[in-house]
Amino acid sequence: MYKKIQSCLESIRKETDFKPQVGLVLGSGLGNYADEIKVEKTVEYKDIEGFPISTVKGHKGRFVFGYVGEVPVVIMQGRVHYYEGYSMSDVVLPIRLMGLLGAGKIILTNAAGGVNSGFSAGDFMIITDHITTGVPSPLIGPNIEELGTRFPDMSEVYSKRMQGIIKASAEKCGIKMQEGVYVQFTGPNYETPAEIKMAARWGGDAVGMSTACEAMAAVHMGLEVCGISCITNMAAGISEVPLNHKEVQEIADRVSVDFKRLVTEVVMNV
Ligand code: HPA
C-alpha cells in the first residue's frame, strides 16, 4: 500500500510541486467550490497511476491546487466511497496523499442524515466525534510504519482547536451551527428506521457514508482534522417520507452558498 501511495505521489509531483497547507474534501453541495478559488493546477484522478476513481454520477474526480485567500490548499473534488467496492485502504488513499503532499490540516465535509430530533434539513453540524462500528477500520492490514503507529490514539479525532475556528467562523458569517457525533455506515442504501434508532441510542447525531474513515487515516498520520456535515435530510424513521438521492442533492444545493462562505472563512483562519 505504501508503494502504491508513493507511486501516486510521484505521478502528482511530475505535474506540480505545489505545497498545500490545508487539504479540503468536498461533499455534496460543495462540489463546485473549487471553481471559486484561485486555481494553480488541477490533476485528474484518472491521470494518477493506481488512484481509485469514483463511480458516483455527478461526482467530479480531481485534485485542485490553489489558494483560498493567501492559503495554499489542495481540494479533493470528488471522493471515493466504500460502497463503490473499494477496499478501505483505497478509500483513504487520497487523504494520505494530501498529507504527503504537505497538507498538515484536513477539512472534511459531507452530506448527512439528521438523527438528532433537534436538527432540521439544511442545518450544518460541527463533527465533534464519530462512531465507525458500522464500517471496517481503514487501518486494518499491515501497519504503514512510515505514516504512523500500529495502535493510534483516537481520543480527539476532530481537533478542538479547529472546532473552535468553525464555531467562530460560523458566527462571523451569521450561520447557525449544530454540533454532534457522526455515525458512518457503509451505504449505498440509506439506513432502516431501526438502524437509525440504534444510532441514536449509541449517541449519534448524524449518519453518513464517508468521512469518519478519512478522519481516522488522517489522525493516524498525525494530521489535524475537522469535519462539517450538511444535514440534507432527517434520517429514516425520523422523517416520515422515504429518502432519495435527488432530494438530498437539492437541499445540499440550496444551502451551498452558505456552506461555501463558511468553508472559506474556516480555511482562511485555520
Ligand atoms: N443516511 C446516510 N447518508 C446520508 C444521508 C442519510 O440519511 N443523507 C445524506 N447522506
# chains A, B, ... in the order shown; residues from 1 in each chain; ligands from 1
call {"tool": "residues_near_ligand", "arguments": {"ligand": "ligand 1", "cutoff": "10 Å", "atoms": "only C-alpha atoms and all ligand atoms", "output": "MDAnalysis selection string"}}
result
chainID A and resid 27:28 110:115 121 183:192 196 206:210 229:239 242:245 247:249 251:252
call {"tool": "write_last_selection", "arguments": {"atoms": "C-alpha atoms", "output": "tab-separated table (two decimals), in the first residue's frame"}}
result
chain	number	residue	atom	x	y	z
A	27	GLY	CA	-19.08	16.66	-0.05
A	28	SER	CA	-22.43	17.14	-1.79
A	110	ASN	CA	-20.19	15.77	3.75
A	111	ALA	CA	-23.93	15.43	3.39
A	112	ALA	CA	-25.51	13.56	6.26
A	113	GLY	CA	-28.86	12.44	7.59
A	114	GLY	CA	-30.04	14.02	10.82
A	115	VAL	CA	-30.59	11.62	13.73
A	121	ALA	CA	-32.78	19.61	6.96
A	183	VAL	CA	-22.01	7.71	12.62
A	184	GLN	CA	-20.60	6.11	9.48
A	185	PHE	CA	-22.44	3.26	7.81
A	186	THR	CA	-21.42	1.58	4.56
A	187	GLY	CA	-24.31	2.68	2.34
A	188	PRO	CA	-25.14	2.79	-0.51
A	189	ASN	CA	-28.63	2.13	0.82
A	190	TYR	CA	-30.00	4.58	3.32
A	191	GLU	CA	-30.48	3.16	6.80
A	192	THR	CA	-33.59	1.49	8.16
A	196	ILE	CA	-31.34	4.99	12.98
A	206	ALA	CA	-25.99	12.32	12.18
A	207	VAL	CA	-25.36	9.43	9.79
A	208	GLY	CA	-23.45	9.22	6.57
A	209	MET	CA	-21.39	7.06	4.25
A	210	SER	CA	-17.97	8.73	4.35
A	229	SER	CA	-21.78	17.91	7.91
A	230	CYS	CA	-24.58	19.41	5.93
A	231	ILE	CA	-27.78	17.82	7.23
A	232	THR	CA	-29.57	17.28	3.94
A	233	ASN	CA	-32.46	15.28	5.35
A	234	MET	CA	-33.75	13.82	8.56
A	235	ALA	CA	-32.76	10.15	8.69
A	236	ALA	CA	-35.11	7.22	8.05
A	237	GLY	CA	-37.92	6.89	10.56
A	238	ILE	CA	-37.30	10.38	11.94
A	239	SER	CA	-38.52	11.75	8.66
A	242	PRO	CA	-38.89	7.95	2.03
A	243	LEU	CA	-35.38	9.21	1.28
A	244	ASN	CA	-33.98	9.75	-2.15
A	245	HIS	CA	-30.66	10.94	-3.50
A	247	GLU	CA	-33.78	15.41	-2.60
A	248	VAL	CA	-30.54	15.08	-0.67
A	249	GLN	CA	-28.80	16.76	-3.59
A	251	ILE	CA	-31.06	20.50	-0.15
A	252	ALA	CA	-27.28	20.37	-0.49
call {"tool": "atom_distance", "arguments": {"atom1": "CA of Gly85 in chain A", "atom2": "CA of Pro52 in chain A"}}
result
10.2 Å
call {"tool": "closest_residue", "arguments": {"among": "A:Lys60, A:Glu84, A:Ser11, A:Ser117", "to": "Lys197 in chain A", "atoms": "only C-alpha atoms"}}
result
A:Ser117
call {"tool": "closest_residue", "arguments": {"among": "A:Ile95, A:Met162, A:Val74, A:Ile228", "to": "Val43 in chain A", "atoms": "only C-alpha atoms"}}
result
A:Val74
call {"tool": "select_by_dssp", "arguments": {"residues": "range 20-227 of chain A", "states": "alpha helix (DSSP H)", "output": "ChimeraX atom specification"}}
result
/A:88-91,93-101,160-173,193-202,212-220
call {"tool": "residues_around", "arguments": {"residues": "range 13-22 of chain A", "least_positions_apart": "6", "cutoff": "7 Å", "atoms": "only C-alpha atoms", "output": "list in words"}}
result
Pro72, Val73, Val74, Leu101, Gly102, Ala103, Gly104, Lys105 and Ile106 of chain A
call {"tool": "closest_residue", "arguments": {"among": "A:Met198, A:Glu224, A:Thr132, A:Ser87", "to": "Leu108 in chain A", "atoms": "only C-alpha atoms"}}
result
A:Glu224
call {"tool": "closest_residue", "arguments": {"among": "A:Tyr158, A:Ile131, A:Ala168, A:Arg150", "to": "Arg201 in chain A", "atoms": "only C-alpha atoms"}}
result
A:Ile131
call {"tool": "closest_residue", "arguments": {"among": "A:Gly31, A:Gly204, A:Gly164, A:Gly141", "to": "Gly180 in chain A", "atoms": "only C-alpha atoms"}}
result
A:Gly204
call {"tool": "decode", "arguments": {"residues": "range 87-108 of chain A", "atoms": "N, CA, C and O atoms", "output": "PDB file, in the first residue's frame"}}
result
ATOM      1  N   SER A  87     -11.493  -1.171  -1.357  1.00  0.00           N
ATOM      2  CA  SER A  87     -11.066  -1.514  -0.001  1.00  0.00           C
ATOM      3  C   SER A  87     -10.982  -0.201   0.789  1.00  0.00           C
ATOM      4  O   SER A  87     -10.811   0.874   0.209  1.00  0.00           O
ATOM      5  N   MET A  88     -11.083  -0.322   2.109  1.00  0.00           N
ATOM      6  CA  MET A  88     -10.983   0.878   2.947  1.00  0.00           C
ATOM      7  C   MET A  88      -9.632   1.572   2.753  1.00  0.00           C
ATOM      8  O   MET A  88      -9.534   2.793   2.822  1.00  0.00           O
ATOM      9  N   SER A  89      -8.584   0.783   2.507  1.00  0.00           N
ATOM     10  CA  SER A  89      -7.277   1.435   2.348  1.00  0.00           C
ATOM     11  C   SER A  89      -7.224   2.242   1.053  1.00  0.00           C
ATOM     12  O   SER A  89      -6.546   3.264   0.985  1.00  0.00           O
ATOM     13  N   ASP A  90      -7.972   1.812   0.027  1.00  0.00           N
ATOM     14  CA  ASP A  90      -8.077   2.636  -1.187  1.00  0.00           C
ATOM     15  C   ASP A  90      -8.922   3.884  -0.930  1.00  0.00           C
ATOM     16  O   ASP A  90      -8.632   4.956  -1.454  1.00  0.00           O
ATOM     17  N   VAL A  91      -9.978   3.706  -0.138  1.00  0.00           N
ATOM     18  CA  VAL A  91     -10.872   4.837   0.145  1.00  0.00           C
ATOM     19  C   VAL A  91     -10.107   5.989   0.806  1.00  0.00           C
ATOM     20  O   VAL A  91     -10.350   7.157   0.507  1.00  0.00           O
ATOM     21  N   VAL A  92      -9.154   5.649   1.675  1.00  0.00           N
ATOM     22  CA  VAL A  92      -8.435   6.710   2.399  1.00  0.00           C
ATOM     23  C   VAL A  92      -7.112   7.084   1.733  1.00  0.00           C
ATOM     24  O   VAL A  92      -6.415   7.990   2.210  1.00  0.00           O
ATOM     25  N   LEU A  93      -6.789   6.439   0.631  1.00  0.00           N
ATOM     26  CA  LEU A  93      -5.517   6.757  -0.057  1.00  0.00           C
ATOM     27  C   LEU A  93      -5.397   8.248  -0.412  1.00  0.00           C
ATOM     28  O   LEU A  93      -4.345   8.857  -0.186  1.00  0.00           O
ATOM     29  N   PRO A  94      -6.474   8.854  -0.945  1.00  0.00           N
ATOM     30  CA  PRO A  94      -6.354  10.277  -1.287  1.00  0.00           C
ATOM     31  C   PRO A  94      -6.047  11.168  -0.085  1.00  0.00           C
ATOM     32  O   PRO A  94      -5.346  12.171  -0.216  1.00  0.00           O
ATOM     33  N   ILE A  95      -6.572  10.809   1.083  1.00  0.00           N
ATOM     34  CA  ILE A  95      -6.307  11.592   2.294  1.00  0.00           C
ATOM     35  C   ILE A  95      -4.819  11.494   2.637  1.00  0.00           C
ATOM     36  O   ILE A  95      -4.156  12.487   2.935  1.00  0.00           O
ATOM     37  N   ARG A  96      -4.307  10.278   2.578  1.00  0.00           N
ATOM     38  CA  ARG A  96      -2.888  10.070   2.884  1.00  0.00           C
ATOM     39  C   ARG A  96      -2.019  10.836   1.886  1.00  0.00           C
ATOM     40  O   ARG A  96      -1.004  11.419   2.251  1.00  0.00           O
ATOM     41  N   LEU A  97      -2.472  10.847   0.629  1.00  0.00           N
ATOM     42  CA  LEU A  97      -1.727  11.586  -0.399  1.00  0.00           C
ATOM     43  C   LEU A  97      -1.683  13.076  -0.074  1.00  0.00           C
ATOM     44  O   LEU A  97      -0.643  13.713  -0.196  1.00  0.00           O
ATOM     45  N   MET A  98      -2.827  13.624   0.321  1.00  0.00           N
ATOM     46  CA  MET A  98      -2.867  15.058   0.659  1.00  0.00           C
ATOM     47  C   MET A  98      -1.902  15.352   1.793  1.00  0.00           C
ATOM     48  O   MET A  98      -1.206  16.367   1.775  1.00  0.00           O
ATOM     49  N   GLY A  99      -1.839  14.440   2.755  1.00  0.00           N
ATOM     50  CA  GLY A  99      -0.891  14.599   3.859  1.00  0.00           C
ATOM     51  C   GLY A  99       0.542  14.594   3.347  1.00  0.00           C
ATOM     52  O   GLY A  99       1.352  15.451   3.715  1.00  0.00           O
ATOM     53  N   LEU A 100       0.855  13.648   2.480  1.00  0.00           N
ATOM     54  CA  LEU A 100       2.228  13.536   1.967  1.00  0.00           C
ATOM     55  C   LEU A 100       2.572  14.700   1.038  1.00  0.00           C
ATOM     56  O   LEU A 100       3.737  15.051   0.872  1.00  0.00           O
ATOM     57  N   LEU A 101       1.552  15.300   0.435  1.00  0.00           N
ATOM     58  CA  LEU A 101       1.798  16.480  -0.409  1.00  0.00           C
ATOM     59  C   LEU A 101       2.130  17.712   0.434  1.00  0.00           C
ATOM     60  O   LEU A 101       2.582  18.722  -0.089  1.00  0.00           O
ATOM     61  N   GLY A 102       1.848  17.620   1.734  1.00  0.00           N
ATOM     62  CA  GLY A 102       2.229  18.721   2.618  1.00  0.00           C
ATOM     63  C   GLY A 102       1.100  19.283   3.469  1.00  0.00           C
ATOM     64  O   GLY A 102       1.336  20.116   4.341  1.00  0.00           O
ATOM     65  N   ALA A 103      -0.133  18.860   3.203  1.00  0.00           N
ATOM     66  CA  ALA A 103      -1.268  19.409   3.961  1.00  0.00           C
ATOM     67  C   ALA A 103      -1.247  18.869   5.394  1.00  0.00           C
ATOM     68  O   ALA A 103      -1.452  17.685   5.610  1.00  0.00           O
ATOM     69  N   GLY A 104      -1.010  19.745   6.347  1.00  0.00           N
ATOM     70  CA  GLY A 104      -0.972  19.319   7.746  1.00  0.00           C
ATOM     71  C   GLY A 104      -2.347  19.381   8.400  1.00  0.00           C
ATOM     72  O   GLY A 104      -2.554  18.854   9.481  1.00  0.00           O
ATOM     73  N   LYS A 105      -3.270  20.067   7.727  1.00  0.00           N
ATOM     74  CA  LYS A 105      -4.619  20.229   8.274  1.00  0.00           C
ATOM     75  C   LYS A 105      -5.622  19.777   7.229  1.00  0.00           C
ATOM     76  O   LYS A 105      -5.498  20.121   6.047  1.00  0.00           O
ATOM     77  N   ILE A 106      -6.620  19.031   7.684  1.00  0.00           N
ATOM     78  CA  ILE A 106      -7.606  18.479   6.764  1.00  0.00           C
ATOM     79  C   ILE A 106      -9.004  18.923   7.187  1.00  0.00           C
ATOM     80  O   ILE A 106      -9.370  18.800   8.362  1.00  0.00           O
ATOM     81  N   ILE A 107      -9.753  19.448   6.226  1.00  0.00           N
ATOM     82  CA  ILE A 107     -11.143  19.824   6.486  1.00  0.00           C
ATOM     83  C   ILE A 107     -12.034  18.883   5.674  1.00  0.00           C
ATOM     84  O   ILE A 107     -11.958  18.852   4.445  1.00  0.00           O
ATOM     85  N   LEU A 108     -12.859  18.110   6.374  1.00  0.00           N
ATOM     86  CA  LEU A 108     -13.728  17.136   5.705  1.00  0.00           C
ATOM     87  C   LEU A 108     -15.158  17.668   5.695  1.00  0.00           C
ATOM     88  O   LEU A 108     -15.630  18.187   6.716  1.00  0.00           O
TER      89      LEU A 108
END
